[in-house]
$ cat input.json   # JSON, C-alpha atoms
[["chain", "number", "residue", "atom", "x", "y", "z"],
["A", 1, "GLN", "CA", 39.70, 39.95, 174.78],
["A", 2, "LEU", "CA", 35.96, 39.97, 174.39],
["A", 3, "GLN", "CA", 34.88, 38.48, 171.09],
["A", 4, "LEU", "CA", 31.83, 37.27, 169.24],
["A", 5, "VAL", "CA", 32.57, 35.12, 166.21],
["A", 6, "GLU", "CA", 29.83, 34.49, 163.69],
["A", 7, "SER", "CA", 29.40, 31.76, 161.12],
["A", 8, "GLY", "CA", 26.76, 30.43, 158.77],
["A", 9, "GLY", "CA", 26.16, 33.24, 156.29],
["A", 10, "GLY", "CA", 26.14, 32.77, 152.54],
["A", 11, "LEU", "CA", 24.06, 32.72, 149.40],
["A", 12, "VAL", "CA", 20.60, 31.17, 149.48],
["A", 13, "GLN", "CA", 17.65, 31.12, 147.12],
["A", 14, "PRO", "CA", 14.37, 32.82, 148.01],
["A", 15, "GLY", "CA", 12.34, 30.55, 150.24],
["A", 16, "GLY", "CA", 15.44, 28.83, 151.58],
["A", 17, "SER", "CA", 16.86, 28.65, 155.09],
["A", 18, "LEU", "CA", 20.08, 29.50, 156.87],
["A", 19, "ARG", "CA", 21.25, 29.15, 160.45],
["A", 20, "LEU", "CA", 23.67, 31.68, 161.86],
["A", 21, "SER", "CA", 25.80, 30.90, 164.89],
["A", 22, "CYS", "CA", 27.68, 33.27, 167.16],
["A", 23, "ALA", "CA", 30.18, 31.99, 169.70],
["A", 24, "ALA", "CA", 31.44, 34.15, 172.53],
["A", 25, "SER", "CA", 34.99, 34.06, 173.86],
["A", 26, "GLY", "CA", 36.66, 35.97, 176.65],
["A", 27, "PHE", "CA", 33.35, 36.43, 178.47],
["A", 28, "THR", "CA", 30.15, 34.58, 179.23],
["A", 29, "LEU", "CA", 26.78, 35.23, 177.65],
["A", 30, "ASP", "CA", 25.07, 34.28, 180.90],
["A", 31, "TYR", "CA", 23.07, 37.12, 182.42],
["A", 32, "LYS", "CA", 23.35, 39.20, 179.24],
["A", 33, "ALA", "CA", 20.71, 40.27, 176.78],
["A", 34, "ILE", "CA", 21.81, 39.26, 173.30],
["A", 35, "GLY", "CA", 20.56, 39.80, 169.81],
["A", 36, "TRP", "CA", 21.04, 39.91, 166.08],
["A", 37, "PHE", "CA", 21.14, 43.07, 164.02],
["A", 38, "ARG", "CA", 21.31, 43.51, 160.29],
["A", 39, "GLN", "CA", 22.33, 46.24, 157.92],
["A", 40, "ALA", "CA", 21.38, 46.30, 154.28],
["A", 41, "PRO", "CA", 23.14, 48.58, 151.76],
["A", 42, "GLY", "CA", 22.01, 52.15, 152.20],
["A", 43, "LYS", "CA", 19.96, 51.37, 155.30],
["A", 44, "GLU", "CA", 20.45, 51.79, 159.01],
["A", 45, "ARG", "CA", 21.33, 48.88, 161.24],
["A", 46, "GLU", "CA", 18.19, 47.36, 162.75],
["A", 47, "GLY", "CA", 17.63, 45.02, 165.62],
["A", 48, "VAL", "CA", 16.09, 41.91, 164.15],
["A", 49, "PRO", "CA", 15.48, 39.65, 167.14],
["A", 50, "CYS", "CA", 16.78, 40.12, 170.63],
["A", 51, "ILE", "CA", 16.45, 37.80, 173.61],
["A", 52, "SER", "CA", 16.63, 38.37, 177.32],
["A", 53, "SER", "CA", 19.28, 36.89, 179.58],
["A", 54, "SER", "CA", 16.78, 34.29, 180.81],
["A", 55, "GLY", "CA", 15.79, 33.34, 177.27],
["A", 56, "ARG", "CA", 12.13, 33.81, 178.14],
["A", 57, "ILE", "CA", 11.53, 37.18, 176.50],
["A", 58, "THR", "CA", 12.10, 37.90, 172.83],
["A", 59, "ASN", "CA", 11.57, 40.89, 170.59],
["A", 60, "TYR", "CA", 11.08, 40.28, 166.88],
["A", 61, "ALA", "CA", 10.88, 42.94, 164.21],
["A", 62, "ASP", "CA", 7.63, 42.76, 162.22],
["A", 63, "SER", "CA", 9.56, 42.07, 159.04],
["A", 64, "ILE", "CA", 10.85, 38.72, 160.33],
["A", 65, "LYS", "CA", 8.12, 37.50, 162.68],
["A", 66, "GLY", "CA", 7.16, 33.91, 162.03],
["A", 67, "ARG", "CA", 10.23, 33.33, 159.86],
["A", 68, "PHE", "CA", 13.25, 33.87, 162.13],
["A", 69, "THR", "CA", 13.95, 32.33, 165.52],
["A", 70, "ILE", "CA", 16.59, 33.46, 167.98],
["A", 71, "SER", "CA", 17.92, 31.06, 170.58],
["A", 72, "ARG", "CA", 20.76, 30.77, 173.04],
["A", 73, "ASP", "CA", 22.75, 27.92, 174.54],
["A", 74, "ASN", "CA", 24.51, 29.26, 177.59],
["A", 75, "ALA", "CA", 26.31, 25.97, 178.15],
["A", 76, "LYS", "CA", 28.00, 26.42, 174.77],
["A", 77, "ASN", "CA", 28.27, 30.20, 175.18],
["A", 78, "THR", "CA", 26.63, 30.52, 171.78],
["A", 79, "MET", "CA", 23.60, 32.17, 170.23],
["A", 80, "TYR", "CA", 21.80, 31.22, 167.05],
["A", 81, "LEU", "CA", 19.52, 32.72, 164.42],
["A", 82, "GLN", "CA", 17.42, 30.30, 162.41],
["A", 83, "MET", "CA", 16.15, 32.00, 159.28],
["A", 84, "ASN", "CA", 13.41, 30.36, 157.21],
["A", 85, "SER", "CA", 11.40, 31.48, 154.18],
["A", 86, "LEU", "CA", 14.12, 33.92, 153.25],
["A", 87, "ARG", "CA", 13.31, 36.81, 150.94],
["A", 88, "PRO", "CA", 15.53, 39.02, 148.79],
["A", 89, "GLU", "CA", 14.86, 41.89, 151.20],
["A", 90, "ASP", "CA", 16.54, 39.88, 153.96],
["A", 91, "THR", "CA", 19.85, 40.39, 152.17],
["A", 92, "ALA", "CA", 22.15, 42.18, 154.61],
["A", 93, "VAL", "CA", 25.19, 41.86, 156.82],
["A", 94, "TYR", "CA", 24.07, 40.23, 160.05],
["A", 95, "TYR", "CA", 25.76, 41.06, 163.34],
["A", 96, "CYS", "CA", 25.40, 39.34, 166.68],
["A", 97, "ALA", "CA", 25.66, 41.44, 169.81],
["A", 98, "ALA", "CA", 25.81, 41.17, 173.58],
["A", 99, "GLY", "CA", 24.48, 43.85, 175.86],
["A", 100, "ARG", "CA", 26.15, 45.61, 178.75],
["A", 101, "ALA", "CA", 25.64, 44.18, 182.21],
["A", 102, "GLY", "CA", 22.18, 44.94, 183.51],
["A", 103, "THR", "CA", 20.85, 46.02, 180.12],
["A", 104, "THR", "CA", 17.37, 44.92, 179.23],
["A", 105, "MET", "CA", 16.65, 43.18, 175.97],
["A", 106, "GLN", "CA", 14.37, 46.01, 174.86],
["A", 107, "ALA", "CA", 16.97, 48.70, 175.56],
["A", 108, "MET", "CA", 19.67, 46.83, 173.71],
["A", 109, "CYS", "CA", 17.46, 46.17, 170.69],
["A", 110, "ASN", "CA", 16.23, 49.78, 170.47],
["A", 111, "MET", "CA", 19.45, 51.63, 171.32],
["A", 112, "PRO", "CA", 22.35, 49.42, 170.32],
["A", 113, "GLY", "CA", 24.82, 52.29, 170.15],
["A", 114, "ARG", "CA", 24.36, 52.87, 173.85],
["A", 115, "TYR", "CA", 23.75, 49.39, 175.21],
["A", 116, "VAL", "CA", 25.70, 46.89, 173.11],
["A", 117, "GLU", "CA", 29.00, 45.96, 174.71],
["A", 118, "VAL", "CA", 30.36, 43.49, 172.15],
["A", 119, "TRP", "CA", 29.68, 43.18, 168.42],
["A", 120, "GLY", "CA", 30.42, 40.28, 166.11],
["A", 121, "GLN", "CA", 32.35, 40.94, 162.94],
["A", 122, "GLY", "CA", 29.33, 40.48, 160.70],
["A", 123, "THR", "CA", 28.37, 37.80, 158.21],
["A", 124, "LEU", "CA", 26.83, 38.43, 154.81],
["A", 125, "VAL", "CA", 23.53, 36.81, 153.93],
["A", 126, "THR", "CA", 22.50, 37.10, 150.29],
["A", 127, "VAL", "CA", 19.08, 35.93, 149.17],
["A", 128, "SER", "CA", 18.94, 35.68, 145.42],
["A", 129, "SER", "CA", 17.97, 33.33, 142.64]]
$ encode --input "input.json" --output "structure tokens"
Amino acid sequence: QLQLVESGGGLVQPGGSLRLSCAASGFTLDYKAIGWFRQAPGKEREGVPCISSSGRITNYADSIKGRFTISRDNAKNTMYLQMNSLRPEDTAVYYCAAGRAGTTMQAMCNMPGRYVEVWGQGTLVTVSS
């Protein structure tokens, strides 16, 4: 069974930091584009950062540039999202995702409904004082 299991969400004050982790089981993240998406109440799911299979190419949404960092550790079959300088508008459910074989990072980030093969279960991040 292909699974992505997330951890690290929670409540944080504005300006604080959180690190999300996403561990894959039943398949390897090697050679796959991966990424993090988020969905706030009443809003569509958006690709936040995505990263290529090589780890050399990333795609960050303007809203999180300079604050969030995506990374991958293929040896641990895990991806991470480091979130700094959090704002109330970052409050959302965050999902990790792995793309279909051969999918580019850009395609997966822009058209997740077509190109994401496996979704995590989601973890809630709440930024509030």
$ closest_atom_pairs --input "input.json" --of "segment 70-97 of chain A" --to "segment 46-58 of chain A" --cutoff "12 Å" --atoms "all atoms listed in the file" --output "Markdown table"
| residue | atom | partner | partner_atom | distance |
| --- | --- | --- | --- | --- |
| A:Ile70 | CA | A:Pro49 | CA | 6.3 |
| A:Ser71 | CA | A:Gly55 | CA | 7.4 |
| A:Arg72 | CA | A:Gly55 | CA | 7.0 |
| A:Asp73 | CA | A:Gly55 | CA | 9.2 |
| A:Asn74 | CA | A:Ser53 | CA | 9.5 |
| A:Met79 | CA | A:Ile51 | CA | 9.7 |
| A:Tyr80 | CA | A:Pro49 | CA | 10.5 |
| A:Leu81 | CA | A:Pro49 | CA | 8.5 |
| A:Gln82 | CA | A:Pro49 | CA | 10.7 |
| A:Met83 | CA | A:Pro49 | CA | 11.0 |
| A:Asp90 | CA | A:Val48 | CA | 10.4 |
| A:Ala92 | CA | A:Glu46 | CA | 10.4 |
| A:Val93 | CA | A:Glu46 | CA | 10.7 |
| A:Tyr94 | CA | A:Val48 | CA | 9.1 |
| A:Tyr95 | CA | A:Gly47 | CA | 9.3 |
| A:Cys96 | CA | A:Cys50 | CA | 9.5 |
| A:Ala97 | CA | A:Cys50 | CA | 9.0 |
$ closest_residue --input "input.json" --among "A:Ala98, A:Leu86, A:Val125, A:Ser25" --to "Ser7 of chain A" --atoms "only C-alpha atoms"
A:Val125
$ closest_residue --input "input.json" --among "A:Pro88, A:Glu6, A:Ala75, A:Ile64" --to "Ala23 of chain A" --atoms "all atoms listed in the file"
A:Glu6
$ closest_residue --input "input.json" --among "A:Arg100, A:Thr28, A:Gly122, A:Thr91" --to "Ala40 of chain A" --atoms "all atoms listed in the file"
A:Thr91
$ residues_around --input "input.json" --residues "Gly26 of chain A" --least-positions-apart "3" --cutoff "9 Å" --atoms "only C-alpha atoms" --output "ChimeraX atom specification"
/A:1-4
$ write_last_selection --input "input.json" --atoms "C-alpha atoms" --output "PDB file, in the frame of the given file"
ATOM      1  CA  GLN A   1      39.700  39.950 174.780  1.00  0.00           C
ATOM      2  CA  LEU A   2      35.960  39.970 174.390  1.00  0.00           C
ATOM      3  CA  GLN A   3      34.880  38.480 171.090  1.00  0.00           C
ATOM      4  CA  LEU A   4      31.830  37.270 169.240  1.00  0.00           C
TER       5      LEU A   4
END
$ closest_residue --input "input.json" --among "A:Thr103, A:Thr123, A:Asn84, A:Ser128" --to "Gly9 of chain A" --atoms "only C-alpha atoms"
A:Thr123
$ closest_residue --input "input.json" --among "A:Val118, A:Leu11, A:Val127, A:Cys109" --to "Arg45 of chain A" --atoms "only C-alpha atoms"
A:Cys109
